[in-house]
Amino acid sequence: MIQAIGLTSATRRGRPPTVDDLTFEARPGSVTALLGPPGAGKSTALRLALQLCPGRGVALLRGRPLDRVPHPAREVGVLLGDVPGHPRRTAIGHLRMLAAVAGMPAGRAEDVLDVVGLSGLADQRLGRFSLGMDRRLGLAVALLGDPHTLVLDEPARGLSPREGAWLRGLLRGYADHGGAVLVTSQDPAEAARFADRVVSLRAGRLVADQAVEDFARARLRPRVAVRTPHADRLAALLTREFRTERDPAGAGPAEVVRESGNRLSVFGSDCAVVGEIAYRHRVVVHQLADELGDSGDRAPAGPLHRADGRAAGAPGGARRPAVRSGARGAALPPRLPAVPPPGPSWPVRYELRRWAGVGTGWWLMGATLLAALVTGLVLASAGTRSAERVLTGWPRPLPLPPVAIAAGVLGALAFGQEFRYPALAPARVLVPRRLSLLAGKLVVSATAALLLCCATVILNSTTLTLLFGQHIPIDGPWQTVLLATAALSVACAWAGLLAAGVFRSTFLGLAAVAAVPLGLAPALRALPVGPAGRSLDGLSGRLHALTTLPFPSGADRWLSASVRLASQPIGWALGLSLTVLLCGYALVSLRNSPR
């Protein structure tokens, strides 16, 4: 359940708060609706309860604030707006990626997709989803962790009547199984149709907290709808007339409610009485009609249970356990068994699924391999004998090898796509800069850079061997080239990743990678070489002379290559850039952490 106590949003420039001292409860086994016109503070109240925006007050989920819940995805499911997923990612890939974050088995994605009627569209890209499909996928994300509470911001907005009927049936079934459902709505009739309790807001303050029966009697009783350019004058006249004479059409005194714009609602009277009063006082009336609060379709087509073209109740195609059925026939995902909490490997598993779920990285790596191979062959045919240039396809005009440039792009995309499509943050709020998420991205980006580097060197050397035989026309061993290029690629990948994480921009991440060879390295090369730089010369030989233990076979060459790379300006520039960016990431993380 949710207990919201004194929720008050932060004020800006002396304006009144959007939500002011709001207190309500969303109890288990019931659906609670926050009702109000646009701008009443409904969405802000949800964000305050979920600690997504600054303010005062507290919201307790089963007695604990959200920041003290160890596994929030298993406590509360959230749907605020559209699904912030990459348009080229598939529905099943998106859910499996989020299942890795919550520590859920991968099969849970198929379960919730079948419940929301999208199992037949599991391999469909999110960019081709309609509004109804997107809303179903968002509900699947909310149900992924089998939470005790659902928090949904106007989930039926823009949906067709059949889609809305299905959604209300699912939420009703979820509440019948003991879950707490908190939704927002602008339509009083919709709130009365499926909610158990209605919390009415106006201008950020609580107006009424009623059971749905009391709400229906107070808000959905018959009324006379009046539209006139003299709404204030007619309201005063009607109020005065009803005070002085008994209304023959009602059992009690009539009530006049001033609506927005030029509208009035008159309860306890009829069109004849209101029209006569307006005529006697010469008030122009543009509309005069009897209305009921809920006058919906008398013969609805019924809920649209599935959105993938399959018949309702048809199996989802995967061998999954049977779903639960709500008290009113709504299908719910099966209860999760005792699943252990997500371990320290979840950032790596999440990043692997995020990285592999979109084809951008694969296309970039394939294009880099092809470009490096063609360039290497051209350089070898032109008489270039430098192994560093030929085996990596590194022409003279480029400041970095193509492998290192591609690794920097992959690193920048790792955080750039995270901030552009924040799957880890509801309602597209800022993605938190967590060290665990950074560690996972560092590991995956370094692994991708190493694999790309090894594939490039092996492909180029194999092709040159096939073309020129055993006597390849290059100078230098391939092992040294592989080590130096691998170190350079990993450093570029990390530089792009950290810069994109600090500035929340892929472009600035790429700019940080380009600034190392184009700006920082030449600046360091122009500085006079100090004792520290001279001490690196011959370091591998001095290390070999200090010990009587023999180096492993080939280790002296690897050590010499490492020291040679570190002693060059590009090595110093990359080391300095990574240090500054890592410190900057730590500073912005501490500054944006909740206090």
# chains A, B, ... in the order shown; residues from 1 in each chain; ligands from 1

$ residues_around --residues "range 430-444 of chain A" --least-positions-apart "2" --cutoff "6 Å" --atoms "only C-alpha atoms" --output "list of chain:residue names"
A:Pro347, A:Val348, A:Ala425, A:Ala446, A:Thr447, A:Ser589

$ write_last_selection --atoms "C-alpha atoms" --output "mmCIF file, in the first residue's frame"
data_model
loop_
_atom_site.group_PDB
_atom_site.id
_atom_site.type_symbol
_atom_site.label_atom_id
_atom_site.label_comp_id
_atom_site.auth_asym_id
_atom_site.auth_seq_id
_atom_site.Cartn_x
_atom_site.Cartn_y
_atom_site.Cartn_z
ATOM 1 C CA PRO A 347 25.081 -4.180 -14.421
ATOM 2 C CA VAL A 348 27.121 -6.372 -16.774
ATOM 3 C CA ALA A 425 14.207 5.913 -15.320
ATOM 4 C CA ALA A 446 36.506 -2.608 -22.772
ATOM 5 C CA THR A 447 35.567 -6.136 -23.828
ATOM 6 C CA SER A 589 27.421 11.679 -9.047
#

$ residues_around --residues "Leu171 in chain A" --least-positions-apart "6" --cutoff "9 Å" --atoms "only C-alpha atoms" --output "list in words"
Val31, Leu150, Val181, Phe194 and Ala330 of chain A

$ write_last_selection --atoms "N, CA and C atoms" --output "mmCIF file, in the first residue's frame"
data_model
loop_
_atom_site.group_PDB
_atom_site.id
_atom_site.type_symbol
_atom_site.label_atom_id
_atom_site.label_comp_id
_atom_site.auth_asym_id
_atom_site.auth_seq_id
_atom_site.Cartn_x
_atom_site.Cartn_y
_atom_site.Cartn_z
ATOM 1 N N VAL A 31 -8.564 -0.142 -5.960
ATOM 2 C CA VAL A 31 -8.052 0.794 -6.959
ATOM 3 C C VAL A 31 -8.358 2.200 -6.478
ATOM 4 N N LEU A 150 0.919 -0.910 -7.998
ATOM 5 C CA LEU A 150 1.032 -0.333 -9.333
ATOM 6 C C LEU A 150 0.721 1.154 -9.247
ATOM 7 N N VAL A 181 -3.529 -0.442 -6.369
ATOM 8 C CA VAL A 181 -3.442 0.248 -7.659
ATOM 9 C C VAL A 181 -3.730 1.721 -7.432
ATOM 10 N N PHE A 194 -14.326 2.131 -12.397
ATOM 11 C CA PHE A 194 -13.536 0.982 -11.951
ATOM 12 C C PHE A 194 -12.751 1.237 -10.663
ATOM 13 N N ALA A 330 -9.788 -11.317 -15.685
ATOM 14 C CA ALA A 330 -8.570 -10.712 -16.201
ATOM 15 C C ALA A 330 -7.394 -11.633 -15.957
#

$ select_by_dssp --residues "range 1-167 of chain A" --states "alpha helix (DSSP H)" --output "number ranges by chain"
A: 42-49, 91-102, 108-115, 131-143, 161-167

$ atom_distance --atom1 "CA of Pro84 in chain A" --atom2 "CA of Arg128 in chain A"
13.8 Å

$ atom_distance --atom1 "CA of Arg125 in chain A" --atom2 "CA of Ala109 in chain A"
15.2 Å

$ closest_residue --among "A:Arg12, A:Arg219, A:His94, A:Arg205" --to "Gly39 in chain A" --atoms "only C-alpha atoms"
A:Arg205

$ residues_around --residues "Ala499 in chain A" --least-positions-apart "3" --cutoff "7 Å" --atoms "only C-alpha atoms" --output "list in words"
Ala495, Gly496, Val502, Phe503, Leu508, Gly509, Ala512 and Leu581 of chain A

$ write_last_selection --atoms "N, CA and C atoms" --output "PDB file, in the first residue's frame"
ATOM      1  N   ALA A 495      37.313   6.830 -22.412  1.00  0.00           N
ATOM      2  CA  ALA A 495      37.238   8.294 -22.471  1.00  0.00           C
ATOM      3  C   ALA A 495      35.891   8.740 -23.038  1.00  0.00           C
ATOM      4  N   GLY A 496      35.451   8.108 -24.131  1.00  0.00           N
ATOM      5  CA  GLY A 496      34.143   8.462 -24.682  1.00  0.00           C
ATOM      6  C   GLY A 496      33.007   8.147 -23.741  1.00  0.00           C
ATOM      7  N   VAL A 502      29.381  12.137 -18.061  1.00  0.00           N
ATOM      8  CA  VAL A 502      29.463  13.411 -17.332  1.00  0.00           C
ATOM      9  C   VAL A 502      28.556  14.456 -17.964  1.00  0.00           C
ATOM     10  N   PHE A 503      28.610  14.574 -19.289  1.00  0.00           N
ATOM     11  CA  PHE A 503      27.873  15.639 -19.982  1.00  0.00           C
ATOM     12  C   PHE A 503      26.522  15.189 -20.519  1.00  0.00           C
ATOM     13  N   LEU A 508      29.302  15.074 -27.116  1.00  0.00           N
ATOM     14  CA  LEU A 508      30.410  15.525 -26.275  1.00  0.00           C
ATOM     15  C   LEU A 508      31.332  14.368 -25.905  1.00  0.00           C
ATOM     16  N   GLY A 509      30.805  13.154 -25.841  1.00  0.00           N
ATOM     17  CA  GLY A 509      31.677  12.001 -25.635  1.00  0.00           C
ATOM     18  C   GLY A 509      32.614  11.801 -26.808  1.00  0.00           C
ATOM     19  N   ALA A 512      35.304  14.443 -26.722  1.00  0.00           N
ATOM     20  CA  ALA A 512      36.379  14.155 -25.762  1.00  0.00           C
ATOM     21  C   ALA A 512      37.381  13.169 -26.345  1.00  0.00           C
ATOM     22  N   LEU A 581      38.243  12.846 -16.310  1.00  0.00           N
ATOM     23  CA  LEU A 581      36.854  12.449 -16.535  1.00  0.00           C
ATOM     24  C   LEU A 581      36.314  11.586 -15.409  1.00  0.00           C
TER      25      LEU A 581
END

$ residues_around --residues "Pro395 in chain A" --least-positions-apart "6" --cutoff "8 Å" --atoms "only C-alpha atoms" --output "ChimeraX atom specification"
/A:375,379,389,401

$ closest_residue --among "A:Arg47, A:Val78, A:Asp475, A:Thr485" --to "Arg385 in chain A" --atoms "only C-alpha atoms"
A:Asp475

$ closest_residue --among "A:Ala449, A:Leu498, A:Ala307, A:Val481" --to "Leu410 in chain A" --atoms "only C-alpha atoms"
A:Ala449

$ closest_residue --among "A:Val198, A:Leu369, A:Val69, A:Leu79" --to "Arg27 in chain A" --atoms "only C-alpha atoms"
A:Val198

$ residues_around --residues "Val274 in chain A" --least-positions-apart "5" --cutoff "9 Å" --atoms "only C-alpha atoms" --output "ChimeraX atom specification"
/A:224,226,238,266,269,279,288

$ closest_residue --among "A:Ile474, A:Leu95, A:Ala33, A:Met1" --to "Ala423 in chain A" --atoms "only C-alpha atoms"
A:Leu95

$ closest_residue --among "A:Ala278, A:Leu35, A:Val516, A:Leu391" --to "Ala189 in chain A" --atoms "only C-alpha atoms"
A:Leu35
